[in-house]
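A short write-up of the structure that comes next.
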Amino acid sequence: MEEILQELRSLCEAGKITWTRHALTRMLQRNISREEVKAAILHGKVIENYPQDYPYPSCLILHIQGKPLHVVCGAGDGELWIITVYRPDPSQWEEDFATRKESQA
């Protein structure tokens, strides 16, 4: 996972970022800035990997600086792709915001 994170950070630092329409819409709705997302990528940790995602493998990054933040992103074609961004829901995540709660079904 460290190799993936290094690639994402390198692309972020180089400013090679593609913000999907979905991510930008959610960021606006949730009052999350581009700076918060970049900080998450540069200082956060990968908590889940999605190697089968299309068109590029992606991952879920957690960053806690004040309010916890989850960023789903991937790398492909020399770009960092920001797919979606959200504040984790405490009803769905353990206190560390890195572990999903067991389904109550």
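By order of appearance in the structure tokens: chains A, B, ..., then residues from 1 within every chain, and ligands from 1 in the order shown.
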- Task: Identify, on the basis of only C-alpha atoms, every residue whose closest approach to Gly78 in chain A does not exceed 10 Å; exclude the query and any residue fewer than 3 positions from it along the same chain; express the result as a PyMOL selection string.
- Result: chain A and resi 7-8+11+16-17+75+81
Please provide the set of residues having any atom within 10 Å of range 37-40 of chain A, restricted to only C-alpha atoms, with same-chain residues fewer than 6 positions apart removed, written as an mmCIF file with all heavy atoms, in the first residue's frame.
data_model
loop_
_atom_site.group_PDB
_atom_site.id
_atom_site.type_symbol
_atom_site.label_atom_id
_atom_site.label_comp_id
_atom_site.auth_asym_id
_atom_site.auth_seq_id
_atom_site.Cartn_x
_atom_site.Cartn_y
_atom_site.Cartn_z
ATOM 1 N N ARG A 9 0.820 10.633 -3.746
ATOM 2 C CA ARG A 9 1.429 11.846 -3.179
ATOM 3 C C ARG A 9 2.278 12.580 -4.206
ATOM 4 O O ARG A 9 2.261 13.803 -4.280
ATOM 5 C CB ARG A 9 2.254 11.484 -1.948
ATOM 6 C CG ARG A 9 1.390 11.131 -0.763
ATOM 7 C CD ARG A 9 2.188 10.719 0.439
ATOM 8 N NE ARG A 9 1.287 10.526 1.580
ATOM 9 C CZ ARG A 9 1.633 9.908 2.691
ATOM 10 N NH1 ARG A 9 2.861 9.429 2.843
ATOM 11 N NH2 ARG A 9 0.754 9.781 3.675
ATOM 12 N N CYS A 12 0.005 14.372 -6.538
ATOM 13 C CA CYS A 12 -0.612 15.490 -5.821
ATOM 14 C C CYS A 12 0.373 16.662 -5.722
ATOM 15 O O CYS A 12 0.016 17.801 -6.020
ATOM 16 C CB CYS A 12 -1.063 15.031 -4.434
ATOM 17 S SG CYS A 12 -1.951 16.291 -3.494
ATOM 18 N N GLU A 13 1.586 16.363 -5.325
ATOM 19 C CA GLU A 13 2.600 17.419 -5.190
ATOM 20 C C GLU A 13 2.893 18.101 -6.523
ATOM 21 O O GLU A 13 3.185 19.287 -6.567
ATOM 22 C CB GLU A 13 3.882 16.842 -4.595
ATOM 23 C CG GLU A 13 3.745 16.509 -3.124
ATOM 24 C CD GLU A 13 4.941 15.757 -2.566
ATOM 25 O OE1 GLU A 13 5.733 15.182 -3.349
ATOM 26 O OE2 GLU A 13 5.068 15.729 -1.328
ATOM 27 N N GLY A 15 0.710 18.579 -8.774
ATOM 28 C CA GLY A 15 -0.500 19.268 -9.226
ATOM 29 C C GLY A 15 -1.204 18.555 -10.360
ATOM 30 O O GLY A 15 -2.043 19.135 -11.042
ATOM 31 N N ILE A 17 -3.791 16.632 -10.867
ATOM 32 C CA ILE A 17 -5.013 16.169 -10.202
ATOM 33 C C ILE A 17 -6.212 16.387 -11.110
ATOM 34 O O ILE A 17 -6.404 17.476 -11.646
ATOM 35 C CB ILE A 17 -5.236 16.928 -8.875
ATOM 36 C CG1 ILE A 17 -4.013 16.802 -7.964
ATOM 37 C CG2 ILE A 17 -6.503 16.432 -8.180
ATOM 38 C CD1 ILE A 17 -4.070 17.693 -6.734
ATOM 39 N N MET A 27 -17.960 17.666 -2.474
ATOM 40 C CA MET A 27 -17.156 18.594 -1.675
ATOM 41 C C MET A 27 -17.926 19.879 -1.392
ATOM 42 O O MET A 27 -17.908 20.390 -0.273
ATOM 43 C CB MET A 27 -15.833 18.902 -2.396
ATOM 44 C CG MET A 27 -14.872 17.725 -2.407
ATOM 45 S SD MET A 27 -13.533 17.908 -3.603
ATOM 46 C CE MET A 27 -12.754 19.413 -3.021
ATOM 47 N N VAL A 46 -3.724 4.947 3.687
ATOM 48 C CA VAL A 46 -4.630 4.095 2.929
ATOM 49 C C VAL A 46 -5.240 3.084 3.893
ATOM 50 O O VAL A 46 -4.517 2.375 4.589
ATOM 51 C CB VAL A 46 -3.898 3.371 1.782
ATOM 52 C CG1 VAL A 46 -4.831 2.388 1.088
ATOM 53 C CG2 VAL A 46 -3.329 4.375 0.784
ATOM 54 N N ILE A 61 -8.510 6.723 1.470
ATOM 55 C CA ILE A 61 -7.535 7.359 2.351
ATOM 56 C C ILE A 61 -8.267 8.007 3.517
ATOM 57 O O ILE A 61 -9.295 8.656 3.326
ATOM 58 C CB ILE A 61 -6.703 8.411 1.593
ATOM 59 C CG1 ILE A 61 -5.833 7.719 0.541
ATOM 60 C CG2 ILE A 61 -5.851 9.242 2.545
ATOM 61 C CD1 ILE A 61 -5.019 8.664 -0.317
ATOM 62 N N LEU A 62 -7.719 7.823 4.696
ATOM 63 C CA LEU A 62 -8.229 8.470 5.908
ATOM 64 C C LEU A 62 -7.233 9.515 6.364
ATOM 65 O O LEU A 62 -6.031 9.256 6.427
ATOM 66 C CB LEU A 62 -8.414 7.441 7.034
ATOM 67 C CG LEU A 62 -8.617 8.014 8.448
ATOM 68 C CD1 LEU A 62 -9.923 8.781 8.562
ATOM 69 C CD2 LEU A 62 -8.545 6.902 9.486
ATOM 70 N N HIS A 63 -7.759 10.695 6.680
ATOM 71 C CA HIS A 63 -6.936 11.750 7.276
ATOM 72 C C HIS A 63 -7.721 12.364 8.421
ATOM 73 O O HIS A 63 -8.891 12.692 8.255
ATOM 74 C CB HIS A 63 -6.589 12.816 6.244
ATOM 75 C CG HIS A 63 -5.653 13.855 6.748
ATOM 76 N ND1 HIS A 63 -5.984 15.180 6.798
ATOM 77 C CD2 HIS A 63 -4.396 13.760 7.234
ATOM 78 C CE1 HIS A 63 -4.956 15.869 7.284
ATOM 79 N NE2 HIS A 63 -3.983 15.025 7.561
ATOM 80 N N ILE A 64 -7.075 12.449 9.562
ATOM 81 C CA ILE A 64 -7.724 13.073 10.713
ATOM 82 C C ILE A 64 -6.899 14.284 11.123
ATOM 83 O O ILE A 64 -5.777 14.152 11.580
ATOM 84 C CB ILE A 64 -7.860 12.097 11.894
ATOM 85 C CG1 ILE A 64 -8.707 10.896 11.484
ATOM 86 C CG2 ILE A 64 -8.473 12.806 13.108
ATOM 87 C CD1 ILE A 64 -8.849 9.827 12.538
ATOM 88 N N GLN A 65 -7.452 15.440 10.864
ATOM 89 C CA GLN A 65 -6.869 16.700 11.314
ATOM 90 C C GLN A 65 -8.081 17.552 11.661
ATOM 91 O O GLN A 65 -8.669 18.185 10.813
ATOM 92 C CB GLN A 65 -6.024 17.353 10.221
ATOM 93 C CG GLN A 65 -5.345 18.617 10.699
ATOM 94 C CD GLN A 65 -4.426 19.195 9.640
ATOM 95 O OE1 GLN A 65 -4.197 18.618 8.587
ATOM 96 N NE2 GLN A 65 -3.897 20.359 9.903
ATOM 97 N N PRO A 68 -12.420 14.058 10.816
ATOM 98 C CA PRO A 68 -11.920 12.993 9.940
ATOM 99 C C PRO A 68 -12.438 13.178 8.511
ATOM 100 O O PRO A 68 -13.535 13.699 8.301
ATOM 101 C CB PRO A 68 -12.465 11.709 10.555
ATOM 102 C CG PRO A 68 -13.303 12.098 11.705
ATOM 103 C CD PRO A 68 -13.287 13.568 11.865
ATOM 104 N N LEU A 69 -11.629 12.747 7.558
ATOM 105 C CA LEU A 69 -11.972 12.882 6.153
ATOM 106 C C LEU A 69 -11.601 11.596 5.427
ATOM 107 O O LEU A 69 -10.521 11.045 5.660
ATOM 108 C CB LEU A 69 -11.211 14.064 5.540
ATOM 109 C CG LEU A 69 -11.514 14.406 4.087
ATOM 110 C CD1 LEU A 69 -12.954 14.885 3.923
ATOM 111 C CD2 LEU A 69 -10.551 15.471 3.585
ATOM 112 N N HIS A 70 -12.493 11.126 4.559
ATOM 113 C CA HIS A 70 -12.219 9.995 3.679
ATOM 114 C C HIS A 70 -12.150 10.510 2.247
ATOM 115 O O HIS A 70 -13.005 11.292 1.823
ATOM 116 C CB HIS A 70 -13.323 8.947 3.767
ATOM 117 C CG HIS A 70 -13.221 8.058 4.958
ATOM 118 N ND1 HIS A 70 -14.184 7.108 5.243
ATOM 119 C CD2 HIS A 70 -12.284 7.947 5.928
ATOM 120 C CE1 HIS A 70 -13.834 6.447 6.339
ATOM 121 N NE2 HIS A 70 -12.691 6.942 6.783
ATOM 122 N N VAL A 71 -11.137 10.056 1.527
ATOM 123 C CA VAL A 71 -10.964 10.406 0.121
ATOM 124 C C VAL A 71 -10.796 9.111 -0.666
ATOM 125 O O VAL A 71 -9.921 8.307 -0.355
ATOM 126 C CB VAL A 71 -9.720 11.298 -0.095
ATOM 127 C CG1 VAL A 71 -9.515 11.595 -1.580
ATOM 128 C CG2 VAL A 71 -9.825 12.592 0.699
ATOM 129 N N VAL A 72 -11.653 8.912 -1.668
ATOM 130 C CA VAL A 72 -11.484 7.792 -2.582
ATOM 131 C C VAL A 72 -10.810 8.352 -3.825
ATOM 132 O O VAL A 72 -11.302 9.307 -4.440
ATOM 133 C CB VAL A 72 -12.832 7.126 -2.952
ATOM 134 C CG1 VAL A 72 -12.612 5.993 -3.953
ATOM 135 C CG2 VAL A 72 -13.536 6.613 -1.704
ATOM 136 N N ILE A 82 -9.506 12.190 -8.182
ATOM 137 C CA ILE A 82 -10.296 12.297 -6.959
ATOM 138 C C ILE A 82 -11.713 11.865 -7.305
ATOM 139 O O ILE A 82 -12.400 12.527 -8.083
ATOM 140 C CB ILE A 82 -10.280 13.737 -6.387
ATOM 141 C CG1 ILE A 82 -8.850 14.267 -6.261
ATOM 142 C CG2 ILE A 82 -11.035 13.788 -5.059
ATOM 143 C CD1 ILE A 82 -7.953 13.493 -5.325
ATOM 144 N N THR A 84 -14.347 10.570 -4.898
ATOM 145 C CA THR A 84 -15.337 11.122 -3.978
ATOM 146 C C THR A 84 -14.656 11.460 -2.659
ATOM 147 O O THR A 84 -13.555 10.987 -2.371
ATOM 148 C CB THR A 84 -16.549 10.184 -3.755
ATOM 149 O OG1 THR A 84 -17.612 10.934 -3.152
ATOM 150 C CG2 THR A 84 -16.206 8.981 -2.900
ATOM 151 N N VAL A 85 -15.333 12.300 -1.897
ATOM 152 C CA VAL A 85 -14.793 12.815 -0.636
ATOM 153 C C VAL A 85 -15.949 12.924 0.348
ATOM 154 O O VAL A 85 -17.020 13.408 -0.013
ATOM 155 C CB VAL A 85 -14.165 14.221 -0.849
ATOM 156 C CG1 VAL A 85 -13.610 14.773 0.431
ATOM 157 C CG2 VAL A 85 -13.103 14.183 -1.932
ATOM 158 N N TYR A 86 -15.721 12.475 1.591
ATOM 159 C CA TYR A 86 -16.792 12.575 2.586
ATOM 160 C C TYR A 86 -16.244 12.502 3.999
ATOM 161 O O TYR A 86 -15.123 12.059 4.227
ATOM 162 C CB TYR A 86 -17.844 11.479 2.370
ATOM 163 C CG TYR A 86 -17.309 10.069 2.476
ATOM 164 C CD1 TYR A 86 -17.346 9.377 3.694
ATOM 165 C CD2 TYR A 86 -16.761 9.425 1.379
ATOM 166 C CE1 TYR A 86 -16.853 8.084 3.797
ATOM 167 C CE2 TYR A 86 -16.265 8.138 1.474
ATOM 168 C CZ TYR A 86 -16.314 7.468 2.682
ATOM 169 O OH TYR A 86 -15.816 6.204 2.779
#
- Item | Among listed residues A:Arg26, A:Lys67, A:Ile4, A:Asp53, nearest Leu80 in chain A (using only C-alpha atoms) | A:Ile4
- Task: Check chain A with DSSP on the backbone and list each residue it calls strand (DSSP E or B), as number ranges by chain.
- Result: A: 17-19, 45-50, 58-65, 67-76, 79-86, 93, 100
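Of the listed residues A:Cys73, A:Asp89, A:Thr25, A:Thr18, the one whose atoms come nearest to Asn49 in chain A is A:Cys73, with distances taken using only C-alpha atoms.
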- If you run DSSP on this backbone, which residues of chain A come out as helix (DSSP H, G or I), and could you give them as a ChimeraX atom specification? /A:2-13,21-30,34-43
- Query: What does the distance between CA of Ser103 in chain A and CA of Pro88 in chain A come to in Å, to one decimal place?
  - Reply: 15.7 Å
- Option closest in space to His43 in chain A, from A:Lys101, A:Leu5, A:Arg87, A:Asp96 [counting only C-alpha atoms]: A:Leu5
- From the list A:Pro90, A:Glu95, A:Glu102, A:Ile83, which residue is nearest Ala23 in chain A when using only C-alpha atoms?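 Answer, going by the shortest atom-to-atom distance: A:Ile83.
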- Task: Would you mind telling me which residue in A:Arg100, A:Pro57, A:Arg30, A:Trp93 lies nearest to Gly76 in chain A when using only C-alpha atoms?
- Result: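 The shortest atom-to-atom distance to Gly76 in chain A comes from A:Pro57.
Interatomic distance, CA of Gly44 in chain A against CA of Phe97 in chain A: 12.0 Å.
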